[in-house]
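Some notes on the structure that comes next.
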Amino acid sequence: MGDNSRRSKVECDERGNPRSQWEVFVRQRESEPMCHVGSVAADSEPAAYEHASHLFDRYAVDVWICPAAEVGRYSARTLSAGGDESRVSEP
Amino acid sequence: MISISKLLCNLDAEGDGLRYDAASESSKPQIADEKQRKPVVVWNATRRCNLYCSHCYAAAETTPATGEFTTAEAKRFLDELADYGAPVILFSGGEPLVRSDLVELVAHAADRGLRPVLSSNGTLLTPEKATALRDAGLEYAGISVDGLPERNDRFRGHDGAFDAAVSGIEHCLDAGLKTGLRYTITEANAADLEGVVDLLVDVGVDRFCFYHLDYGGRGGEIIDADLSPSAKREAVSRLCDLTLDYHDRGEEIETLLVGNYADAAFLVEYALETFGEERARAVYEYLERNGGDPTGERIADVDYQGNVHPNQFWQGYSLGNVRDRPFGDIWEDESNPLLSALRNRESHLTGRCSRCQYQSICRGGSPLRAATTSGDPFAPDPQCYLTDEEVDGANPVVGDVAD
C-alpha cells in the first residue's frame with residue numbers, strides 16, 4: 001500500500017474569479033496522453049468547451065473539460081501550511 | 001510598457017535596465033541591471049473594492065469574495081515568487097488597501113528581495129497608511145484616475161472619488177513615496193488627458209501611465225466604449241506632443257503607454273517625422289530591446305484565488321493555480337502549447353501581422369483583444385491603428401538592428 005499520510009487535501013472552493021473555472025485537458029496527438037493545460041472561466045460546459053477550443057484548436061485532437069470544483073486535490077505541498085488563517089479583508 | 005519620455009526626450013528612468021537593457025546608459029539608479037528574463041507579477045490580492053468601476057478588468061465587487069489568500073498563504077506565495085526570481089510584485093486588486101495585512105505583506109515582499117509596488121484607486125490612502133507603506137519598503141504607488149472630476153466619478157461609480165484619489169496622491173508624495181498616475185483611455189475620457197496631466201503636475205506628480213482598454217473582466221463588456229483605431233492614434237499623438245511640450249519647458253515628466261504595441265511602431269514613425277532618421281533609428285533600437293507585447297513572458301498575473309494568467313487582463317484563461325503548483329513551475333512549463341506559442345508568436349501571427357515591418361517591436365499587439373473579438377489570439381489586434389502603408393512599407397530605420 002502507498003503512504004498517503006504525507007499528502008493533505010487542498011482546500012479550495014470553485015476558484016471562480018467570479019465565473020466558474022473549468023479545468024482543460026488536451027491530447028495533442030492520438031498517441032499521446034491527455035495533458036492539463038490550465039482552466040477557462042465560463043458559465044456552462046458548452047461555453048467552457050467553446051472557450052477552450054478557441055485557445056487550443058490548433059494543438060488538440062481531444063479536449064476534455066471538467067468543473068474545477070469537482071476535482072479532488074491532494075498534495076504534499078500546500079500554500080496554507082501553518083500561520084494565521086484568519087480572513088484579511090477589513091469590514 | 002513604452003516610455004514616450006525615454007524614447008522621444010531621452011529622459012532616463014529606473015526602469016531603463018528592466019525595459020530596454022539600457023541600465024549602463026542610464027543616469028538613474030536601476031531596478032535591474034539587465035532586461036528582465038522573469039516576469040513582473042501582478043497579484044490581485046483581493047477581489048473586494050470600495051469602488052465599482054465600469055472598466056475593471058478584475059470585475060471587482062464591493063463585497064468580499066471567498067477563496068482569497070490568508071496572510072500565511074500570501075507570505076508563502078511571496079516566498080515562492082522570490083525563490084523563482086520575479087523582479088517586481090505589483091499589489092493590485094480589487095483595491096489592495098482593503099486587506100488589513102497589506103503593510104505586513106509589502107514588508108515581507110521587500111524582505112525577500114521582491115520590489116513591492118502598488119496599484120490603487122487612492123481613496124483609502126490616509127497619511128498614516130502612506131507612511132506605513134513607505135516604512136514597509138513600498139517602492140512605488142500607481143493611483144488610478146480616469147478623467148477630470150465629473151467624468152472620473154461617473155466612471156468609478158462614486159461621487160468624490162476624484163478628490164479622494166488626489167488626496168491619496170498627496171499623502172503618498174508627502175510620505176516621500178514615488179507616485180504616479182494610471183489612466184485608462186476610453187472614448188469617454190480621451191478629451192481629459194491634457195487637463196488631468198496639468199492638474200496632477202501641479203499636485204507634484206511626475207509619472208503618468210496611460211493604459212489602452214483591454215477586453216478582460218468588465219472591460220470586455222464595454223468594448224463599444226473603446227476608442228476607434230483612428231481616435232486612438234490621435235490620442236497617442238497628443239500624448240507625444242504633450243510630453244515634448246513639457247520637456248521643452250524644462251518640466252521632465254515621465255509618460256508611458258501600456259497595452260497596445262501599435263504604439264511602438266507609431267513612436268518610430270513619430271520620431272522619424274519629428275526628428276529625422278537618426279533619432280527614429282535610436283527609438284527603433286530601444287523598442288527592439290523591449291521586445292513587443294509582453295503577454296506570457298515579461299508580465300504575469302495571479303488572481304485572488306491563485307489562478308495564474310498570461311497577463312493581468314486575461315482573467316478568463318488560467319495556466320494553473322499556485323495552490324496546486326509553485327508559480328515558477330507553472331510559468332516555466334512550456335509543455336502548455338498556448339504558452340509556448342505566445343513565446344514564439346512570430347511563427348503563429350496571421351493576417352497583416354504576419355508581414356508587418358514592425359512585427360519585431362509589436363509582436364501582434366494584444367492576444368486577448370484578438371481572441372475576444374475573433375477567437376484567435378494570433379489574429380491581428382483589432383486596435384492596431386497602423387495604416388496599410390505603415391504595415392507594408394519600408395521605413396529606412398527598420399531592420400538595421402536585427403540585421
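Every chain in the C-alpha cells takes a letter, A first, then B, and so on in the order presented; its residues are numbered from 1, and the ligands are numbered from 1 following the presented order.
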Inset, instruction - Quick one: pick out all helix (DSSP H, G or I) residues within region 24-158 of chain B from a backbone DSSP run and write them as a PyMOL selection string. - result: chain B and resi 24-25+71-84+96-98+102-111+127-136+149-156
Inset, instruction - Identify, on the basis of only C-alpha atoms, every residue whose closest approach to Ser5 (chain A) does not exceed 12 Å; exclude the query and any residue fewer than 4 positions from it along the same chain; express the result as a ChimeraX atom specification. - result: /A:1,9,74-76
Inset, instruction - Assign secondary structure with DSSP using the backbone only, and return the residues of region 10-83 of chain A in strand (DSSP E) as a PyMOL selection string. - result: chain A and resi 21-27+35-41+62-67+74-75
Legend entry - Distance query region 307-318 of chain B at most 6 Å, only C-alpha atoms, self and fewer than 5 positions along chain excluded, as an NGL selection string: (:A and (38-41)) or (:B and (57 or 216 or 295-296 or 299-302))
Please dump the current selection as an mmCIF file, in the first residue's frame; keep C-alpha atoms.
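In the end it all went to out_35.cif:
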data_model
loop_
_atom_site.group_PDB
_atom_site.id
_atom_site.type_symbol
_atom_site.label_atom_id
_atom_site.label_comp_id
_atom_site.auth_asym_id
_atom_site.auth_seq_id
_atom_site.Cartn_x
_atom_site.Cartn_y
_atom_site.Cartn_z
ATOM 1 C CA GLY A 38 -4.943 25.196 -17.306
ATOM 2 C CA SER A 39 -8.503 26.345 -16.883
ATOM 3 C CA VAL A 40 -11.033 28.618 -18.522
ATOM 4 C CA ALA A 41 -13.771 30.756 -16.980
ATOM 5 C CA TYR B 57 -10.543 44.067 -15.712
ATOM 6 C CA GLY B 216 -10.895 41.429 -19.799
ATOM 7 C CA THR B 295 1.922 38.650 -22.552
ATOM 8 C CA GLY B 296 3.073 35.281 -21.249
ATOM 9 C CA ILE B 299 4.198 40.098 -17.293
ATOM 10 C CA ALA B 300 2.137 37.598 -15.314
ATOM 11 C CA ASP B 301 -0.943 37.810 -13.142
ATOM 12 C CA VAL B 302 -2.101 35.783 -10.158
#
Which residues of chain B sit at most 7 Å from chain A, using only C-alpha atoms? Give each one's shortest atom pair and distance in Å (one decimal place), in chain and ascending residue order, as a Markdown table.
| residue | atom | partner | partner_atom | distance |
| --- | --- | --- | --- | --- |
| B:Gly67 | CA | A:Asp13 | CA | 6.4 |
| B:Thr70 | CA | A:Glu85 | CA | 5.3 |
| B:Thr71 | CA | A:Asp84 | CA | 6.2 |
| B:Ala72 | CA | A:Gly83 | CA | 5.1 |
| B:Glu73 | CA | A:Ser80 | CA | 4.9 |
| B:Arg76 | CA | A:Leu79 | CA | 6.0 |
| B:Phe77 | CA | A:Leu79 | CA | 6.8 |
| B:Val98 | CA | A:Glu90 | CA | 5.5 |
| B:Arg99 | CA | A:Ser89 | CA | 4.5 |
| B:Ser100 | CA | A:Val88 | CA | 5.4 |
| B:Asp101 | CA | A:Val88 | CA | 6.4 |
| B:Gln305 | CA | A:Arg15 | CA | 5.7 |
| B:Gly316 | CA | A:Ala41 | CA | 4.9 |
| B:Tyr317 | CA | A:Val40 | CA | 4.6 |
| B:Ser318 | CA | A:Ser39 | CA | 5.1 |
| B:Leu319 | CA | A:Gly38 | CA | 4.3 |
| B:Gly320 | CA | A:Gly38 | CA | 4.8 |
| B:Arg323 | CA | A:Leu79 | CA | 5.8 |
| B:Asn336 | CA | A:Val37 | CA | 5.5 |
| B:Pro337 | CA | A:Tyr59 | CA | 6.8 |
| B:Leu338 | CA | A:Phe56 | CA | 6.9 |
| B:Gly375 | CA | A:His54 | CA | 5.3 |
| B:Asp376 | CA | A:His54 | CA | 6.2 |
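For the pair CA of Ala165 (chain B) and CA of Glu95 (chain B), the interatomic distance is 12.5 Å.
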Legend entry - For Val283 (chain B), the nearest of the candidates B:Arg355, B:Val397, B:Ile330, B:Ala141, counting only C-alpha atoms: B:Val397
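When only C-alpha atoms are used to measure the gap to Ala68 (chain A), the shortest distance among A:Arg27, A:Ala48, A:Glu32, A:Arg7 belongs to A:Ala48.
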Inset, instruction - List the neighbours of region 272-274 of chain B out to 10 Å using only C-alpha atoms; skip same-chain residues closer than 5 positions along the sequence, and give me the result as a list of chain:residue names. - result: B:Leu8, B:Phe266, B:Leu267, B:Arg279, B:Ala280, B:Arg281, B:Val283, B:Asn395, B:Pro396, B:Val397
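Taking only C-alpha atoms, the non-local environment of Ala370 (chain B) within 10 Å (same-chain residues fewer than 5 positions away omitted) comprises Tyr215, Gly364, Gly365, Gly375, Asp376, Pro377, Phe378, Ala379, Pro380, Asp381, Pro382 and Gln383 of chain B.
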Write the selection just made, keeping N, CA, C and O atoms, as a compact mmCIF listing (two decimals), in the first residue's frame?
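Contents of the output file out-v1.txt:
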# COMPACT_ATOMS: atom_id res chain seq x y z
N TYR B 215 -9.67 43.84 -23.16
CA TYR B 215 -11.02 43.31 -23.12
C TYR B 215 -11.15 42.16 -22.12
O TYR B 215 -11.60 41.07 -22.45
N GLY B 364 2.31 41.54 -32.71
CA GLY B 364 0.89 41.24 -32.85
C GLY B 364 -0.02 41.98 -31.91
O GLY B 364 -1.24 41.80 -31.96
N GLY B 365 0.54 42.80 -31.03
CA GLY B 365 -0.31 43.53 -30.10
C GLY B 365 -0.94 42.60 -29.07
O GLY B 365 -0.34 41.61 -28.67
N GLY B 375 -11.66 35.18 -31.75
CA GLY B 375 -11.49 33.81 -31.28
C GLY B 375 -10.06 33.31 -31.41
O GLY B 375 -9.70 32.31 -30.83
N ASP B 376 -9.22 34.02 -32.15
CA ASP B 376 -7.85 33.58 -32.39
C ASP B 376 -6.87 34.56 -31.74
O ASP B 376 -6.79 35.72 -32.15
N PRO B 377 -6.10 34.11 -30.71
CA PRO B 377 -5.16 35.02 -30.05
C PRO B 377 -4.07 35.55 -30.99
O PRO B 377 -3.43 36.56 -30.66
N PHE B 378 -3.88 34.90 -32.11
CA PHE B 378 -2.79 35.30 -33.00
C PHE B 378 -3.28 36.05 -34.25
O PHE B 378 -2.52 36.31 -35.17
N ALA B 379 -4.56 36.37 -34.25
CA ALA B 379 -5.11 37.23 -35.30
C ALA B 379 -4.68 38.67 -35.01
O ALA B 379 -4.25 39.00 -33.90
N PRO B 380 -4.78 39.57 -35.97
CA PRO B 380 -4.40 40.96 -35.71
C PRO B 380 -5.22 41.58 -34.58
O PRO B 380 -6.41 41.31 -34.44
N ASP B 381 -4.56 42.39 -33.78
CA ASP B 381 -5.20 43.13 -32.70
C ASP B 381 -6.21 44.11 -33.33
O ASP B 381 -5.83 44.92 -34.17
N PRO B 382 -7.48 44.03 -32.94
CA PRO B 382 -8.47 44.94 -33.55
C PRO B 382 -8.18 46.41 -33.27
O PRO B 382 -8.74 47.27 -33.93
N GLN B 383 -7.32 46.68 -32.30
CA GLN B 383 -6.99 48.07 -32.01
C GLN B 383 -5.66 48.50 -32.60
O GLN B 383 -5.10 49.53 -32.19
Set the distance at 9 Å and use only C-alpha atoms: which residues neighbour region 246-263 of chain B once local chain neighbours fewer than 4 positions away are removed? I'd like the list as a compact mmCIF listing (two decimals) with N, CA and C atoms, in the first residue's frame.
# COMPACT_ATOMS: atom_id res chain seq x y z
N MET B 1 5.18 48.00 -21.69
CA MET B 1 5.20 49.39 -21.26
C MET B 1 6.23 50.15 -22.10
N ILE B 2 5.79 51.23 -22.72
CA ILE B 2 6.65 52.00 -23.62
C ILE B 2 6.77 53.42 -23.07
N SER B 3 7.98 53.87 -22.87
CA SER B 3 8.18 55.20 -22.30
C SER B 3 8.33 56.23 -23.41
N ILE B 4 7.33 57.10 -23.53
CA ILE B 4 7.42 58.19 -24.52
C ILE B 4 8.58 59.11 -24.15
N SER B 5 8.68 59.43 -22.85
CA SER B 5 9.69 60.40 -22.42
C SER B 5 11.11 59.88 -22.60
N LYS B 6 11.29 58.56 -22.47
CA LYS B 6 12.62 57.99 -22.72
C LYS B 6 12.95 58.03 -24.21
N CYS B 9 12.46 62.01 -25.56
CA CYS B 9 13.11 63.11 -24.83
C CYS B 9 14.37 62.65 -24.09
N LEU B 11 14.69 60.94 -21.49
CA LEU B 11 14.58 61.02 -20.03
C LEU B 11 14.90 59.66 -19.43
N ASP B 12 15.98 59.59 -18.66
CA ASP B 12 16.33 58.33 -18.01
C ASP B 12 15.36 58.04 -16.88
N ALA B 13 15.18 56.74 -16.59
CA ALA B 13 14.26 56.32 -15.53
C ALA B 13 14.76 55.03 -14.91
N VAL B 201 0.31 67.49 -12.36
CA VAL B 201 1.66 68.06 -12.30
C VAL B 201 1.69 69.15 -11.22
N VAL B 205 2.87 65.29 -9.16
CA VAL B 205 3.09 64.01 -9.84
C VAL B 205 3.98 64.24 -11.06
N ASP B 206 4.93 63.32 -11.29
CA ASP B 206 5.78 63.47 -12.47
C ASP B 206 5.84 62.19 -13.31
N ARG B 207 4.97 61.20 -12.98
CA ARG B 207 4.97 59.95 -13.77
C ARG B 207 3.53 59.62 -14.16
N PHE B 208 3.31 59.40 -15.44
CA PHE B 208 1.96 59.21 -15.97
C PHE B 208 1.92 57.98 -16.87
N CYS B 209 1.13 56.98 -16.48
CA CYS B 209 1.00 55.76 -17.28
C CYS B 209 -0.39 55.75 -17.93
N PHE B 210 -0.41 55.64 -19.22
CA PHE B 210 -1.67 55.63 -19.95
C PHE B 210 -1.94 54.23 -20.50
N TYR B 211 -3.07 53.66 -20.09
CA TYR B 211 -3.42 52.29 -20.47
C TYR B 211 -4.45 52.31 -21.59
N HIS B 212 -4.24 51.48 -22.58
CA HIS B 212 -5.30 51.22 -23.54
C HIS B 212 -6.26 50.22 -22.91
N LEU B 213 -7.53 50.32 -23.27
CA LEU B 213 -8.53 49.38 -22.74
C LEU B 213 -8.25 47.98 -23.28
N ASP B 214 -8.15 47.01 -22.37
CA ASP B 214 -8.08 45.63 -22.84
C ASP B 214 -9.40 44.96 -22.50
N ARG B 233 -5.07 56.59 -32.28
CA ARG B 233 -3.84 57.15 -32.86
C ARG B 233 -3.72 58.63 -32.51
N VAL B 236 -2.71 59.09 -28.83
CA VAL B 236 -1.28 58.80 -28.59
C VAL B 236 -0.42 59.94 -29.15
N LEU B 239 -0.44 62.69 -26.72
CA LEU B 239 0.43 62.43 -25.57
C LEU B 239 1.90 62.66 -25.91
N CYS B 240 2.28 62.34 -27.14
CA CYS B 240 3.66 62.62 -27.58
C CYS B 240 3.88 64.14 -27.61
N ASP B 241 2.92 64.85 -28.17
CA ASP B 241 3.04 66.32 -28.24
C ASP B 241 3.13 66.92 -26.84
N LEU B 242 2.26 66.43 -25.96
CA LEU B 242 2.22 66.93 -24.58
C LEU B 242 3.56 66.69 -23.89
N LEU B 267 5.54 55.33 -32.51
CA LEU B 267 6.61 56.18 -31.98
C LEU B 267 7.80 56.26 -32.94
N VAL B 268 8.08 55.17 -33.65
CA VAL B 268 9.15 55.22 -34.65
C VAL B 268 8.75 56.18 -35.77
N GLY B 292 8.37 44.06 -27.64
CA GLY B 292 6.96 43.97 -28.02
C GLY B 292 6.05 43.50 -26.90
N ASP B 293 4.84 43.14 -27.28
CA ASP B 293 3.83 42.76 -26.29
C ASP B 293 4.37 41.69 -25.34
N TYR B 358 6.86 46.09 -38.68
CA TYR B 358 7.11 46.38 -37.27
C TYR B 358 6.86 45.17 -36.37
N ILE B 361 8.88 44.67 -33.02
CA ILE B 361 8.72 45.59 -31.89
C ILE B 361 7.29 45.62 -31.37
N CYS B 362 6.39 44.88 -32.03
CA CYS B 362 4.98 44.85 -31.62
C CYS B 362 4.55 43.43 -31.27
N ARG B 363 4.86 42.49 -32.14
CA ARG B 363 4.55 41.07 -31.96
C ARG B 363 3.05 40.80 -31.89
N GLY B 364 2.31 41.54 -32.71
CA GLY B 364 0.89 41.24 -32.85
C GLY B 364 -0.02 41.98 -31.91
N GLY B 365 0.54 42.80 -31.03
CA GLY B 365 -0.31 43.53 -30.10
C GLY B 365 -0.94 42.60 -29.07
N SER B 366 -2.16 42.93 -28.66
CA SER B 366 -2.81 42.19 -27.57
C SER B 366 -3.44 40.89 -28.05
N ASP B 381 -4.56 42.39 -33.78
CA ASP B 381 -5.20 43.13 -32.70
C ASP B 381 -6.21 44.11 -33.33
N GLN B 383 -7.32 46.68 -32.30
CA GLN B 383 -6.99 48.07 -32.01
C GLN B 383 -5.66 48.50 -32.60
N CYS B 384 -5.15 47.75 -33.57
CA CYS B 384 -3.98 48.23 -34.31
C CYS B 384 -4.44 49.38 -35.20
N TYR B 385 -3.79 50.52 -35.07
CA TYR B 385 -4.20 51.69 -35.84
C TYR B 385 -3.20 52.06 -36.94
N LEU B 386 -2.27 51.16 -37.23
CA LEU B 386 -1.30 51.45 -38.28
C LEU B 386 -1.98 51.38 -39.65
Inset, instruction - Excluding Leu125 (chain B) and residues on its chain fewer than 6 positions from it, collect all residues at most 8 Å away from it, counting only C-alpha atoms, and give them as a PyMOL selection string. - result: chain B and resi 97+167-169+171-172
Inset, instruction - Figure out the distance between CA of Glu297 (chain B) and CA of Lys38 (chain B), please, to one decimal in Å. - result: 7.4 Å
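Closest approach to Pro294 (chain B) among B:Ala74, B:Val40, B:Ala65, B:Val88 is made by B:Val40 (distances from only C-alpha atoms).
As for CA of Ser237 (chain B) and CA of Cys353 (chain B), they are spaced 22.0 Å apart.
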Legend entry - Residue nearest Val103 (chain B) among B:Thr131, B:Thr123, B:Thr184, B:Thr46 (counting only C-alpha atoms): B:Thr131
